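Trainee: Input input-v5.txt, format and content: compact mmCIF, C-alpha atoms.
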```txt
# COMPACT_ATOMS: atom_id res chain seq x y z
CA MET Z 1 86.52 -34.09 24.81
CA PHE Z 2 82.85 -35.16 24.93
CA ALA Z 3 81.98 -32.15 27.07
CA LYS Z 4 83.63 -29.86 24.52
CA GLN Z 5 81.59 -31.41 21.70
CA ILE Z 6 78.37 -30.91 23.69
CA TYR Z 7 79.25 -27.26 24.29
CA ASN Z 8 79.85 -26.78 20.56
CA PHE Z 9 76.47 -28.30 19.69
CA PRO Z 10 74.60 -25.65 17.68
CA VAL Z 11 72.03 -24.85 20.37
CA MET Z 12 74.35 -24.84 23.41
CA SER Z 13 76.58 -21.82 22.74
CA ASN Z 14 74.68 -18.56 23.43
CA TRP Z 15 71.88 -20.86 24.57
CA ARG Z 16 69.61 -18.20 26.06
CA ILE Z 17 69.52 -16.10 22.89
CA LYS Z 18 69.06 -19.20 20.75
CA LEU Z 19 66.23 -20.45 22.98
CA SER Z 20 64.48 -17.11 22.53
CA LEU Z 21 64.91 -17.29 18.74
CA LEU Z 22 63.55 -20.84 18.71
CA LEU Z 23 60.46 -19.93 20.74
CA ASN Z 24 59.74 -16.85 18.59
CA TYR Z 25 59.89 -19.05 15.50
CA PHE Z 26 57.73 -21.68 17.20
CA VAL Z 27 54.86 -19.20 17.74
CA PHE Z 28 54.81 -18.04 14.15
CA ALA Z 29 55.21 -21.58 12.85
CA ILE Z 30 51.84 -22.49 14.36
CA LEU Z 31 50.08 -19.40 13.04
CA LEU Z 32 51.56 -19.27 9.55
CA ASN Z 33 51.12 -22.92 8.78
CA SER Z 34 47.60 -23.07 10.14
CA VAL Z 35 46.58 -21.67 6.74
CA GLY Z 36 45.95 -25.17 5.36
CA THR Z 37 43.70 -26.03 8.29
CA VAL Z 38 41.92 -22.67 8.10
CA ILE Z 39 41.43 -23.05 4.32
CA LEU Z 40 39.51 -26.25 5.05
CA GLN Z 41 37.55 -24.68 7.92
CA VAL Z 42 36.47 -21.53 6.07
CA GLN Z 43 35.12 -23.73 3.29
CA ASN Z 44 33.11 -25.61 5.92
CA ASN Z 45 32.07 -22.57 8.00
CA TYR Z 46 31.69 -19.69 5.59
CA GLY Z 47 30.76 -21.43 2.32
CA VAL Z 48 33.68 -20.10 0.27
CA SER Z 49 35.08 -22.00 -2.72
CA ALA Z 50 38.55 -23.55 -2.95
CA SER Z 51 39.83 -20.78 -5.20
CA GLU Z 52 38.40 -18.10 -2.86
CA ALA Z 53 39.94 -19.79 0.17
CA SER Z 54 43.34 -19.85 -1.54
CA VAL Z 55 43.62 -16.06 -1.13
CA LEU Z 56 44.37 -16.60 2.56
CA GLU Z 57 47.87 -17.57 1.49
CA ALA Z 58 48.09 -14.30 -0.43
CA PHE Z 59 46.98 -12.23 2.58
CA LYS Z 60 49.68 -13.93 4.63
CA ASP Z 61 52.50 -13.91 2.11
CA LEU Z 62 51.94 -10.57 0.40
CA SER Z 63 51.85 -8.83 3.77
CA ILE Z 64 55.13 -10.60 4.58
CA ALA Z 65 56.62 -9.45 1.27
CA VAL Z 66 55.52 -5.81 1.55
CA ALA Z 67 56.48 -5.49 5.21
CA SER Z 68 59.85 -7.16 4.62
CA PHE Z 69 60.70 -4.81 1.77
CA LEU Z 70 59.80 -1.77 3.87
CA ILE Z 71 61.56 -2.78 7.08
CA ALA Z 72 64.53 -4.92 5.98
CA SER Z 73 66.77 -1.98 5.15
CA SER Z 74 65.94 -0.26 8.45
CA VAL Z 75 65.72 -3.22 10.83
CA THR Z 76 69.13 -2.36 12.32
CA ARG Z 77 67.78 1.09 13.19
CA ILE Z 78 64.76 -0.41 14.95
CA GLY Z 79 66.88 -3.10 16.61
CA TYR Z 80 66.49 -6.86 16.20
CA ARG Z 81 65.21 -7.43 19.73
CA ARG Z 82 62.76 -4.54 19.58
CA SER Z 83 61.46 -5.70 16.18
CA MET Z 84 60.77 -9.19 17.50
CA ALA Z 85 59.02 -7.80 20.57
CA LEU Z 86 56.74 -5.62 18.42
CA ALA Z 87 55.87 -8.62 16.23
CA LEU Z 88 54.90 -10.82 19.18
CA ALA Z 89 52.76 -8.10 20.76
CA PHE Z 90 51.05 -7.39 17.42
CA VAL Z 91 50.15 -10.99 16.70
CA ALA Z 92 48.96 -11.65 20.25
CA ALA Z 93 46.46 -8.79 19.87
CA ALA Z 94 45.28 -10.15 16.49
CA CYS Z 95 44.70 -13.61 17.98
CA LEU Z 96 42.60 -12.18 20.79
CA LEU Z 97 40.36 -10.45 18.24
CA MET Z 98 39.86 -13.52 16.03
CA PRO Z 99 37.13 -15.29 18.12
CA GLN Z 100 35.42 -12.00 18.86
CA VAL Z 101 34.71 -11.13 15.21
CA PRO Z 102 34.22 -14.47 13.37
CA GLY Z 103 34.06 -14.31 9.59
CA PHE Z 104 36.07 -14.68 6.41
CA LEU Z 105 37.06 -10.99 6.49
CA MET Z 106 38.53 -11.29 9.98
CA THR Z 107 40.33 -14.46 8.91
CA ARG Z 108 41.99 -12.57 6.07
CA LEU Z 109 42.94 -9.73 8.40
CA LEU Z 110 44.44 -12.20 10.89
CA PHE Z 111 46.75 -13.68 8.26
CA ALA Z 112 47.70 -10.19 7.08
CA ALA Z 113 48.62 -9.26 10.67
CA THR Z 114 50.52 -12.53 11.08
CA GLY Z 115 52.42 -11.82 7.87
CA VAL Z 116 53.53 -8.38 9.03
CA GLY Z 117 54.61 -9.82 12.38
CA PHE Z 118 56.53 -12.65 10.74
CA ALA Z 119 58.36 -10.20 8.47
CA LEU Z 120 59.72 -8.49 11.58
CA ILE Z 121 60.51 -11.81 13.25
CA LYS Z 122 62.22 -13.54 10.35
CA VAL Z 123 64.41 -10.65 9.24
CA SER Z 124 65.50 -10.10 12.85
CA VAL Z 125 66.05 -13.79 13.61
CA TYR Z 126 68.06 -14.44 10.45
CA ALA Z 127 70.19 -11.35 11.02
CA THR Z 128 70.76 -12.26 14.69
CA ILE Z 129 72.14 -15.68 13.73
CA GLY Z 130 75.11 -13.93 12.14
CA LEU Z 131 75.88 -12.32 15.50
CA ILE Z 132 75.82 -15.52 17.57
CA THR Z 133 77.64 -18.00 15.28
CA ASP Z 134 81.37 -18.13 14.64
CA ASP Z 135 81.70 -19.49 11.10
CA SER Z 136 79.77 -20.61 8.03
CA ARG Z 137 79.49 -24.26 9.11
CA GLU Z 138 78.01 -23.33 12.49
CA HIS Z 139 75.73 -20.88 10.70
CA VAL Z 140 74.29 -23.46 8.27
CA SER Z 141 73.97 -26.01 11.06
CA PHE Z 142 72.07 -23.73 13.44
CA MET Z 143 69.93 -22.49 10.54
CA ASN Z 144 68.77 -26.07 9.94
CA PHE Z 145 68.11 -26.64 13.65
CA LEU Z 146 66.13 -23.40 13.76
CA GLU Z 147 64.05 -24.40 10.76
CA SER Z 148 63.56 -27.90 12.18
CA PHE Z 149 62.17 -26.32 15.36
CA PHE Z 150 59.90 -24.25 13.12
CA MET Z 151 58.51 -27.50 11.75
CA ILE Z 152 58.02 -28.82 15.28
CA GLY Z 153 55.83 -25.76 15.79
CA VAL Z 154 53.95 -26.62 12.61
CA LEU Z 155 53.51 -30.21 13.84
CA THR Z 156 52.25 -29.03 17.21
CA GLY Z 157 49.85 -26.64 15.53
CA TYR Z 158 48.01 -29.38 13.67
CA PHE Z 159 47.20 -31.19 16.90
CA ILE Z 160 46.28 -27.96 18.70
CA PHE Z 161 43.84 -26.97 15.96
CA SER Z 162 42.38 -30.46 15.57
CA ALA Z 163 41.66 -30.54 19.31
CA PHE Z 164 39.29 -27.59 18.87
CA VAL Z 165 37.49 -28.97 15.77
CA ASP Z 166 34.19 -30.82 16.26
CA ASP Z 167 33.52 -33.37 13.49
CA ARG Z 168 29.91 -33.76 14.69
CA HIS Z 169 29.18 -30.08 14.00
CA PRO Z 170 31.20 -29.09 10.89
CA GLY Z 171 29.63 -25.62 10.76
CA SER Z 172 30.52 -24.72 14.35
CA THR Z 173 32.91 -21.81 14.95
CA ASP Z 174 33.97 -23.08 18.39
CA TRP Z 175 37.36 -23.95 16.87
CA LEU Z 176 38.15 -20.22 16.91
CA ASP Z 177 38.76 -20.51 20.66
CA VAL Z 178 42.17 -21.92 19.73
CA TYR Z 179 43.32 -18.34 19.18
CA TYR Z 180 43.06 -17.56 22.88
CA LEU Z 181 45.64 -20.28 23.48
CA LEU Z 182 47.86 -18.97 20.68
CA ALA Z 183 47.69 -15.45 22.13
CA GLY Z 184 48.92 -16.87 25.44
CA ILE Z 185 51.87 -18.60 23.75
CA ALA Z 186 52.80 -15.37 21.93
CA LEU Z 187 52.75 -13.41 25.20
CA THR Z 188 54.96 -16.06 26.85
CA ALA Z 189 57.46 -15.74 24.00
CA LEU Z 190 57.36 -11.96 24.42
CA LEU Z 191 58.21 -12.18 28.12
CA LEU Z 192 61.17 -14.49 27.42
CA LEU Z 193 62.45 -12.16 24.70
CA LEU Z 194 62.23 -9.09 26.93
CA SER Z 195 64.33 -10.88 29.55
CA THR Z 196 67.01 -11.92 27.02
CA PRO Z 197 69.80 -9.42 26.21
CA ILE Z 198 71.20 -9.39 22.64
CA ASP Z 199 74.43 -7.55 21.76
CA GLU Z 200 73.66 -5.69 18.52
CA SER Z 201 76.59 -3.27 18.68
CA LYS Z 202 78.33 -4.86 15.69
CA VAL Z 203 75.53 -3.93 13.30
CA LYS Z 204 74.40 -0.54 14.61
CA PRO Z 205 74.19 1.87 11.66
CA SER Z 206 77.04 4.37 11.70
CA SER Z 207 76.96 5.82 8.18
CA GLY Z 208 74.05 8.22 8.74
CA LYS Z 209 72.36 7.08 5.52
CA SER Z 210 68.71 7.87 5.01
CA LEU Z 211 66.01 5.20 4.74
CA PRO Z 212 65.65 5.67 0.92
CA GLU Z 213 69.43 5.27 0.54
CA GLU Z 214 69.38 2.06 2.58
CA MET Z 215 66.46 0.71 0.52
CA ALA Z 216 68.39 1.55 -2.67
CA GLU Z 217 71.33 -0.48 -1.33
CA MET Z 218 69.04 -3.45 -0.74
CA ILE Z 219 67.82 -3.23 -4.34
CA LYS Z 220 71.44 -3.09 -5.56
CA LEU Z 221 72.15 -6.19 -3.50
CA ALA Z 222 69.19 -7.97 -5.14
CA VAL Z 223 70.53 -7.51 -8.68
CA ARG Z 224 73.88 -9.18 -8.02
CA PRO Z 225 73.96 -12.32 -10.23
CA VAL Z 226 74.55 -14.79 -7.40
CA VAL Z 227 71.74 -13.19 -5.38
CA LEU Z 228 69.37 -13.36 -8.36
CA VAL Z 229 69.98 -17.09 -8.78
CA PHE Z 230 69.55 -17.57 -5.04
CA ILE Z 231 66.24 -15.65 -5.17
CA LEU Z 232 65.02 -17.96 -7.94
CA SER Z 233 65.98 -20.98 -5.82
CA ALA Z 234 64.25 -19.69 -2.67
CA PHE Z 235 61.12 -18.65 -4.60
CA THR Z 236 60.82 -22.05 -6.27
CA TYR Z 237 61.39 -23.99 -3.06
CA VAL Z 238 58.68 -22.14 -1.15
CA LEU Z 239 56.33 -22.51 -4.12
CA ILE Z 240 56.71 -26.29 -3.78
CA GLU Z 241 56.50 -26.42 0.01
CA GLN Z 242 53.51 -24.12 0.48
CA GLY Z 243 51.62 -25.58 -2.46
CA ILE Z 244 51.76 -28.96 -0.74
CA MET Z 245 51.45 -27.85 2.88
CA SER Z 246 48.52 -25.47 2.37
CA TRP Z 247 46.44 -27.98 0.42
CA LEU Z 248 47.32 -31.26 2.10
CA PRO Z 249 44.43 -31.06 4.63
CA THR Z 250 41.98 -30.48 1.77
CA TYR Z 251 43.63 -33.30 -0.22
CA ASN Z 252 43.24 -35.65 2.75
CA SER Z 253 39.59 -34.69 3.15
CA ARG Z 254 38.41 -34.51 -0.48
CA ILE Z 255 40.61 -37.10 -2.20
CA LEU Z 256 41.40 -39.59 0.58
CA HIS Z 257 37.95 -39.22 2.24
CA LEU Z 258 39.29 -38.63 5.76
CA PRO Z 259 37.21 -36.88 8.46
CA THR Z 260 38.11 -33.22 9.02
CA THR Z 261 39.88 -33.82 12.32
CA LEU Z 262 41.88 -36.72 10.93
CA SER Z 263 42.71 -34.75 7.76
CA ILE Z 264 44.29 -32.04 9.89
CA GLN Z 265 46.07 -34.45 12.21
CA MET Z 266 47.59 -36.50 9.38
CA THR Z 267 49.00 -33.38 7.80
CA SER Z 268 51.30 -33.41 10.83
CA ILE Z 269 53.23 -36.23 9.12
CA LEU Z 270 54.49 -33.66 6.62
CA ALA Z 271 55.58 -31.34 9.42
CA ALA Z 272 57.22 -34.19 11.36
CA SER Z 273 59.12 -35.48 8.33
CA THR Z 274 60.25 -31.94 7.50
CA ALA Z 275 61.46 -31.37 11.06
CA ALA Z 276 63.34 -34.69 10.97
CA GLY Z 277 64.88 -33.85 7.61
CA ARG Z 278 66.16 -30.49 8.84
CA PHE Z 279 67.47 -31.93 12.09
CA LEU Z 280 69.42 -34.63 10.24
CA ALA Z 281 70.64 -32.09 7.71
CA GLY Z 282 71.85 -29.90 10.58
CA LEU Z 283 74.21 -32.75 11.49
CA ALA Z 284 75.19 -33.74 7.95
CA LEU Z 285 75.88 -30.21 6.70
CA ARG Z 286 78.53 -29.72 9.37
CA ARG Z 287 80.59 -32.37 7.58
CA PHE Z 288 79.54 -32.57 3.92
CA ALA Z 289 79.12 -30.15 1.00
CA TRP Z 290 75.61 -28.74 0.76
CA PHE Z 291 74.98 -29.16 -2.99
CA GLY Z 292 75.44 -32.93 -3.11
CA ILE Z 293 73.04 -33.40 -0.20
CA LEU Z 294 70.38 -31.11 -1.68
CA ALA Z 295 70.59 -32.61 -5.18
CA ALA Z 296 70.06 -36.12 -3.76
CA CYS Z 297 67.12 -34.81 -1.71
CA LEU Z 298 65.38 -33.31 -4.75
CA LEU Z 299 65.77 -36.48 -6.82
CA SER Z 300 64.35 -38.50 -3.92
CA ALA Z 301 61.41 -36.09 -3.59
CA ALA Z 302 60.53 -36.47 -7.28
CA ALA Z 303 60.70 -40.26 -6.97
CA LEU Z 304 58.38 -40.15 -3.94
CA VAL Z 305 55.77 -38.10 -5.85
CA LEU Z 306 55.74 -40.71 -8.61
CA LEU Z 307 55.44 -43.51 -6.05
CA ALA Z 308 52.91 -42.02 -3.63
CA LEU Z 309 50.25 -40.30 -5.70
CA PRO Z 310 49.11 -43.41 -7.62
CA LEU Z 311 48.25 -44.94 -4.24
CA ALA Z 312 45.42 -42.40 -3.90
CA SER Z 313 43.63 -43.96 -6.88
CA ALA Z 314 43.04 -47.14 -4.89
CA VAL Z 315 41.54 -45.43 -1.84
CA PRO Z 316 38.01 -46.74 -1.09
CA ALA Z 317 35.16 -44.23 -0.88
CA THR Z 318 34.35 -45.41 2.65
CA PRO Z 319 35.90 -42.83 4.99
CA ALA Z 320 38.49 -43.87 7.53
CA THR Z 321 37.65 -43.41 11.19
CA GLY Z 322 41.16 -43.12 12.64
CA TRP Z 323 44.90 -43.47 12.08
CA ALA Z 324 44.68 -47.27 12.17
CA ASP Z 325 42.46 -47.59 9.08
CA ALA Z 326 43.74 -44.58 7.15
CA PRO Z 327 44.89 -45.46 3.59
CA PRO Z 328 48.63 -45.89 2.88
CA ALA Z 329 48.58 -42.81 0.62
CA ALA Z 330 47.89 -40.63 3.67
CA PHE Z 331 51.16 -41.82 5.24
CA VAL Z 332 53.46 -42.02 2.22
CA PHE Z 333 53.06 -38.72 0.35
CA PRO Z 334 53.72 -36.43 3.39
CA LEU Z 335 57.16 -38.08 3.71
CA ILE Z 336 58.23 -35.74 0.90
CA GLY Z 337 59.01 -33.30 3.71
CA LEU Z 338 61.99 -35.45 4.70
CA PHE Z 339 63.63 -34.78 1.34
CA ILE Z 340 62.74 -31.16 0.61
CA ALA Z 341 63.36 -30.07 4.22
CA PRO Z 342 67.10 -29.24 4.13
CA ILE Z 343 66.94 -27.08 1.00
CA TYR Z 344 65.56 -23.80 2.28
CA PRO Z 345 67.68 -23.29 5.42
CA ALA Z 346 70.81 -24.51 3.63
CA ILE Z 347 70.62 -22.10 0.71
CA ASN Z 348 69.67 -19.23 3.03
CA SER Z 349 72.72 -19.92 5.16
CA VAL Z 350 75.00 -20.18 2.13
CA ILE Z 351 74.02 -16.75 0.80
CA LEU Z 352 74.14 -15.12 4.26
CA SER Z 353 77.52 -16.67 5.07
CA THR Z 354 78.90 -15.19 1.86
CA LEU Z 355 77.98 -11.63 2.93
CA PRO Z 356 79.36 -9.41 5.71
CA ALA Z 357 77.22 -9.25 8.85
CA ARG Z 358 76.02 -5.70 8.20
CA GLN Z 359 74.28 -6.94 5.02
CA HIS Z 360 72.47 -9.80 6.75
CA GLY Z 361 69.47 -7.60 7.59
CA PRO Z 362 68.84 -6.45 3.99
CA MET Z 363 69.57 -9.94 2.63
CA SER Z 364 67.19 -11.47 5.15
CA GLY Z 365 64.58 -9.03 3.91
CA LEU Z 366 65.07 -10.20 0.34
CA ILE Z 367 64.80 -13.81 1.49
CA VAL Z 368 61.50 -13.10 3.23
CA VAL Z 369 60.08 -11.06 0.32
CA PHE Z 370 60.69 -13.66 -2.36
CA SER Z 371 59.83 -16.58 -0.09
CA ALA Z 372 56.48 -14.93 0.56
CA LEU Z 373 55.87 -14.40 -3.15
CA GLY Z 374 56.75 -18.04 -3.78
CA GLY Z 375 54.35 -19.21 -1.07
CA THR Z 376 51.48 -17.17 -2.48
CA THR Z 377 52.17 -18.35 -6.02
CA GLY Z 378 52.36 -22.00 -4.94
CA SER Z 379 49.13 -21.92 -2.97
CA ILE Z 380 47.13 -20.10 -5.64
CA ILE Z 381 48.39 -22.34 -8.45
CA THR Z 382 47.73 -25.49 -6.42
CA GLY Z 383 44.27 -24.28 -5.37
CA THR Z 384 43.31 -23.37 -8.93
CA VAL Z 385 44.54 -26.67 -10.37
CA PHE Z 386 42.93 -28.54 -7.46
CA GLU Z 387 39.54 -27.00 -8.22
CA ALA Z 388 39.81 -27.45 -12.01
CA TYR Z 389 41.54 -30.84 -12.35
CA GLY Z 390 41.55 -32.52 -8.93
CA GLY Z 391 44.00 -33.01 -6.10
CA GLN Z 392 46.21 -35.63 -7.72
CA THR Z 393 46.91 -33.47 -10.76
CA ALA Z 394 47.61 -30.50 -8.47
CA PHE Z 395 50.28 -32.44 -6.58
CA TYR Z 396 51.75 -34.02 -9.73
CA PHE Z 397 52.38 -30.43 -10.81
CA SER Z 398 55.10 -30.22 -8.10
CA LEU Z 399 57.42 -32.21 -10.39
CA LEU Z 400 57.90 -29.14 -12.60
CA PRO Z 401 59.20 -26.77 -9.91
CA ILE Z 402 61.28 -29.62 -8.41
CA THR Z 403 63.09 -29.90 -11.74
CA LEU Z 404 63.49 -26.12 -12.00
CA LEU Z 405 64.86 -25.95 -8.46
CA LEU Z 406 67.47 -28.61 -9.17
CA LEU Z 407 68.72 -26.59 -12.15
CA ALA Z 408 68.71 -23.36 -10.12
CA LEU Z 409 70.71 -24.95 -7.30
CA PHE Z 410 73.26 -26.22 -9.80
CA GLY Z 411 73.76 -22.68 -11.08
CA PHE Z 412 73.78 -21.20 -7.56
CA ASN Z 413 76.45 -23.67 -6.45
CA ARG Z 414 78.72 -22.83 -9.39
CA MET Z 415 78.33 -19.08 -8.91
CA GLN Z 416 78.82 -19.27 -5.16
CA LYS Z 417 81.99 -21.34 -5.60
CA GLY Z 418 83.25 -18.88 -8.16
CA GLY Z 419 82.89 -15.98 -5.72
CA ARG Z 420 84.93 -15.27 -2.67
CA LYS Z 421 85.15 -17.84 0.11
CA PRO Z 422 82.58 -17.54 2.90
CA GLN Z 423 83.94 -15.60 5.86
CA PRO Z 424 83.10 -15.98 9.53
CA THR Z 425 79.53 -14.70 9.86
CA GLY Z 426 80.15 -12.61 12.93
CA VAL Z 427 82.85 -10.54 11.22
CA ILE Z 428 81.87 -7.25 9.62
CA SER Z 429 83.93 -6.37 6.58
CA GLU Z 430 83.49 -4.77 3.21
CA PRO Z 431 82.18 -7.00 0.39
```
Could I get this file's structure written as structure tokens?

Mentor:
Amino acid sequence: MFAKQIYNFPVMSNWRIKLSLLLNYFVFAILLNSVGTVILQVQNNYGVSASEASVLEAFKDLSIAVASFLIASSVTRIGYRRSMALALAFVAAACLLMPQVPGFLMTRLLFAATGVGFALIKVSVYATIGLITDDSREHVSFMNFLESFFMIGVLTGYFIFSAFVDDRHPGSTDWLDVYYLLAGIALTALLLLLSTPIDESKVKPSSGKSLPEEMAEMIKLAVRPVVLVFILSAFTYVLIEQGIMSWLPTYNSRILHLPTTLSIQMTSILAASTAAGRFLAGLALRRFAWFGILAACLLSAAALVLLALPLASAVPATPATGWADAPPAAFVFPLIGLFIAPIYPAINSVILSTLPARQHGPMSGLIVVFSALGGTTGSIITGTVFEAYGGQTAFYFSLLPITLLLLALFGFNRMQKGGRKPQPTGVISEP
């Protein structure tokens, strides 16, 4: 009996494919979520302002949005495995160029290249999950484990980047050597993917529709009422998450007076708490209804904002020298990740589980497009408010989208319940 339970653990069945998906996500987790660290570094190295640095999020997310819209309807033609391989090769090349041409322009181009690569990866990964899971509960569970591994990549990235930063020479560009390491990780992921077969026969296009016709079908999918409410939920969640994640290193440095290296390292608490939240949710969502769990998480997140941010007012101006003498505010606020963590993978899984497998590619594209737009919006708003009114006000602003997200999830839950029951995700049928 115990052996059977272990085999049914979300990562054990189809383990080789799932390992490949996890590693692909891990690579892009480091690159995408380095934007907060790089925002701080380009201010130190290239003399750009906070509002100017905030456009890095736009270069990343808008490239994700545009690429996702263009490829989502045709990803089955390209092939999920081939799409992921192209993305890994593309981003490895971009990383190798980064130290060779240092500058703010190259930094923007790197995040644009990373965004295009992630669009290919995420659409393909999300669509592949429908092929390797048997039902909606396994789907939502593995989705949370996948996203928790993504956050482990984010966590690892903070320590990798901080290891290359020299606090004694803030203007040094030696930290760019980190991209040689990241290129090596991407190439390793590529080799694993190329050695991992994926059966995509269930979703091979057979209708002979043209690319414009397939894009029109994706747009029709987007205007379905339940999909519209889902899009609002996903957009708002990513607005919250990226607004906090992208500006937490700057908050630690400018508001809590932490050294640059420590500011980056302590941002890892947010990644660690998010990974823990998604891992625990991966267990809980196999047994309990998703809406009750997510509603409780949002209320807890709002309470934590009200508890943690006032602690920053009491931080002494004398900078901390290490984790041991860092102010309590640096430890408490990042724990918000524990509560907001389960929301994104859960709602993505719910909408995907409601659709037939052949629509998972286009729906994944919509998820990526509006998530990217939410990330850009959140970072730019937070950066603008940060520059004009200070870091505390910028993070207090998160209470507004938290409230909006709770209302959106309430509507999404009612509409999803009112529709047809979720079917096994590996089954292809007409909607």

Trainee: Calculated over only C-alpha atoms, which of the candidates Z:Ile240, Z:Val35, Z:Ile343, Z:Leu146 has the smallest distance to Z:Tyr126?

Mentor: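 Result for the nearest residue to Z:Tyr126: Z:Leu146.
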
Trainee: With distances taken over all atoms listed in the file, which of Z:Ser141, Z:Ala312, Z:Pro259, Z:Gly243 is nearest to Z:Trp290?

Mentor: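 Among the listed residues, the smallest separation from Z:Trp290 belongs to Z:Ser141.
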
Trainee: Calculated over only C-alpha atoms, which of the candidates Z:Leu21, Z:Asp61, Z:Phe150, Z:Leu31 has the smallest distance to Z:Ile132?

Mentor: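 Under the stated criterion, the closest residue is Z:Leu21.
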
Trainee: In Å, rounded to a single decimal, give me how far atom CA of Z:Ala271 is from atom CA of Z:Leu309.

Mentor: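 Calculated distance between atom CA of Z:Leu309 and atom CA of Z:Ala271 is 18.4 Å.
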
Trainee: Of the candidates Z:Gly322, Z:Gly365, Z:Pro99, Z:Pro310, which one gets nearest to Z:Leu221 if we count all atoms listed in the file?

Mentor: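 Result for the nearest residue to Z:Leu221: Z:Gly365.
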
Trainee: Just how far from atom CA of Z:Met415 is atom CA of Z:Pro225, in Å to one decimal?

Mentor: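 Computed distance, atom CA of Z:Pro225 to atom CA of Z:Met415, equals 8.2 Å.
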
Trainee: Which residues come within 10 Å of Z:Leu338, counting all atoms listed in the file, excluding same-chain residues fewer than 3 positions away, as an MDAnalysis selection string?

Mentor: chainID Z and resid 269:281 297 300:301 334:335 341:342

Trainee: Would you kindly return, as an MDAnalysis selection string, each protein, DNA or RNA residue with an atom no farther than 12 Å from any atom of Z:Ala296, considering only C-alpha atoms and excluding same-chain residues fewer than 2 positions away?

Mentor: chainID Z and resid 289:294 298:303 338:340 342:343 402 406 409

Trainee: Show me the residues close to (42.0, -32.9, 3.3) - anything with an atom within 12 Å, counting all atoms listed in the file - and format the list as a ChimeraX atom specification.

Mentor: /Z:36-41,43-44,50,244-268,319,330,386,391

Trainee: Which distance in Å separates atom CA of Z:Gly115 and atom CA of Z:Met84, to one decimal?

Mentor: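 Atom CA of Z:Gly115 sits 13.0 Å away from atom CA of Z:Met84.
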
Trainee: Go through Z:Leu23, Z:Ser233, Z:Leu120, Z:Leu191 and flag the residue nearest Z:Gly411, using all atoms listed in the file for the distances.

Mentor: Z:Ser233

Trainee: Quick one: residues within 9 Å of Z:Ala163, only C-alpha atoms counted, chain neighbours fewer than 4 positions away excluded, as a list in words?

Mentor: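 What passes the distance filter is Tyr158, Phe159, Trp175, Val178 and Thr261 of chain Z.
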
Trainee: Considering all atoms listed in the file, tabulate each residue of stretch 156-202 of chain Z that lies at most 12 Å from stretch 111-114 of chain Z along with its nearest interatomic pair and the corresponding distance in Å to one decimal; arrange the rows by chain and ascending residue number and present them as CSV.

Mentor:
```
residue,atom,partner,partner_atom,distance
Z:Leu182,CA,Z:Thr114,CA,11.9
Z:Ala183,CA,Z:Thr114,CA,11.8
Z:Ala186,CA,Z:Thr114,CA,11.4
```

Trainee: Sorted by chain and rising residue number, list the residues of stretch 56-146 of chain Z at most 10 Å from stretch 368-377 of chain Z (counting only C-alpha atoms), each with its closest atom pair and distance in Å to one decimal, as JSON lines.

Mentor:
```
{"residue": "Z:Leu56", "atom": "CA", "partner": "Z:Thr376", "partner_atom": "CA", "distance": 8.7}
{"residue": "Z:Glu57", "atom": "CA", "partner": "Z:Thr376", "partner_atom": "CA", "distance": 5.4}
{"residue": "Z:Ala58", "atom": "CA", "partner": "Z:Thr376", "partner_atom": "CA", "distance": 4.9}
{"residue": "Z:Phe59", "atom": "CA", "partner": "Z:Thr376", "partner_atom": "CA", "distance": 8.4}
{"residue": "Z:Lys60", "atom": "CA", "partner": "Z:Ala372", "partner_atom": "CA", "distance": 8.0}
{"residue": "Z:Asp61", "atom": "CA", "partner": "Z:Ala372", "partner_atom": "CA", "distance": 4.4}
{"residue": "Z:Leu62", "atom": "CA", "partner": "Z:Ala372", "partner_atom": "CA", "distance": 6.3}
{"residue": "Z:Ser63", "atom": "CA", "partner": "Z:Ala372", "partner_atom": "CA", "distance": 8.3}
{"residue": "Z:Ile64", "atom": "CA", "partner": "Z:Ala372", "partner_atom": "CA", "distance": 6.1}
{"residue": "Z:Ala65", "atom": "CA", "partner": "Z:Val369", "partner_atom": "CA", "distance": 3.9}
{"residue": "Z:Val66", "atom": "CA", "partner": "Z:Val369", "partner_atom": "CA", "distance": 7.1}
{"residue": "Z:Ala67", "atom": "CA", "partner": "Z:Val369", "partner_atom": "CA", "distance": 8.2}
{"residue": "Z:Ser68", "atom": "CA", "partner": "Z:Val369", "partner_atom": "CA", "distance": 5.8}
{"residue": "Z:Phe69", "atom": "CA", "partner": "Z:Val369", "partner_atom": "CA", "distance": 6.4}
{"residue": "Z:Leu70", "atom": "CA", "partner": "Z:Val369", "partner_atom": "CA", "distance": 9.9}
{"residue": "Z:Ala72", "atom": "CA", "partner": "Z:Val368", "partner_atom": "CA", "distance": 9.1}
{"residue": "Z:Gly115", "atom": "CA", "partner": "Z:Ala372", "partner_atom": "CA", "distance": 8.9}
{"residue": "Z:Phe118", "atom": "CA", "partner": "Z:Val368", "partner_atom": "CA", "distance": 9.0}
{"residue": "Z:Ala119", "atom": "CA", "partner": "Z:Val368", "partner_atom": "CA", "distance": 6.8}
{"residue": "Z:Leu120", "atom": "CA", "partner": "Z:Val368", "partner_atom": "CA", "distance": 9.7}
{"residue": "Z:Lys122", "atom": "CA", "partner": "Z:Val368", "partner_atom": "CA", "distance": 7.2}
{"residue": "Z:Val123", "atom": "CA", "partner": "Z:Val368", "partner_atom": "CA", "distance": 7.1}
{"residue": "Z:Tyr126", "atom": "CA", "partner": "Z:Val368", "partner_atom": "CA", "distance": 9.8}
```
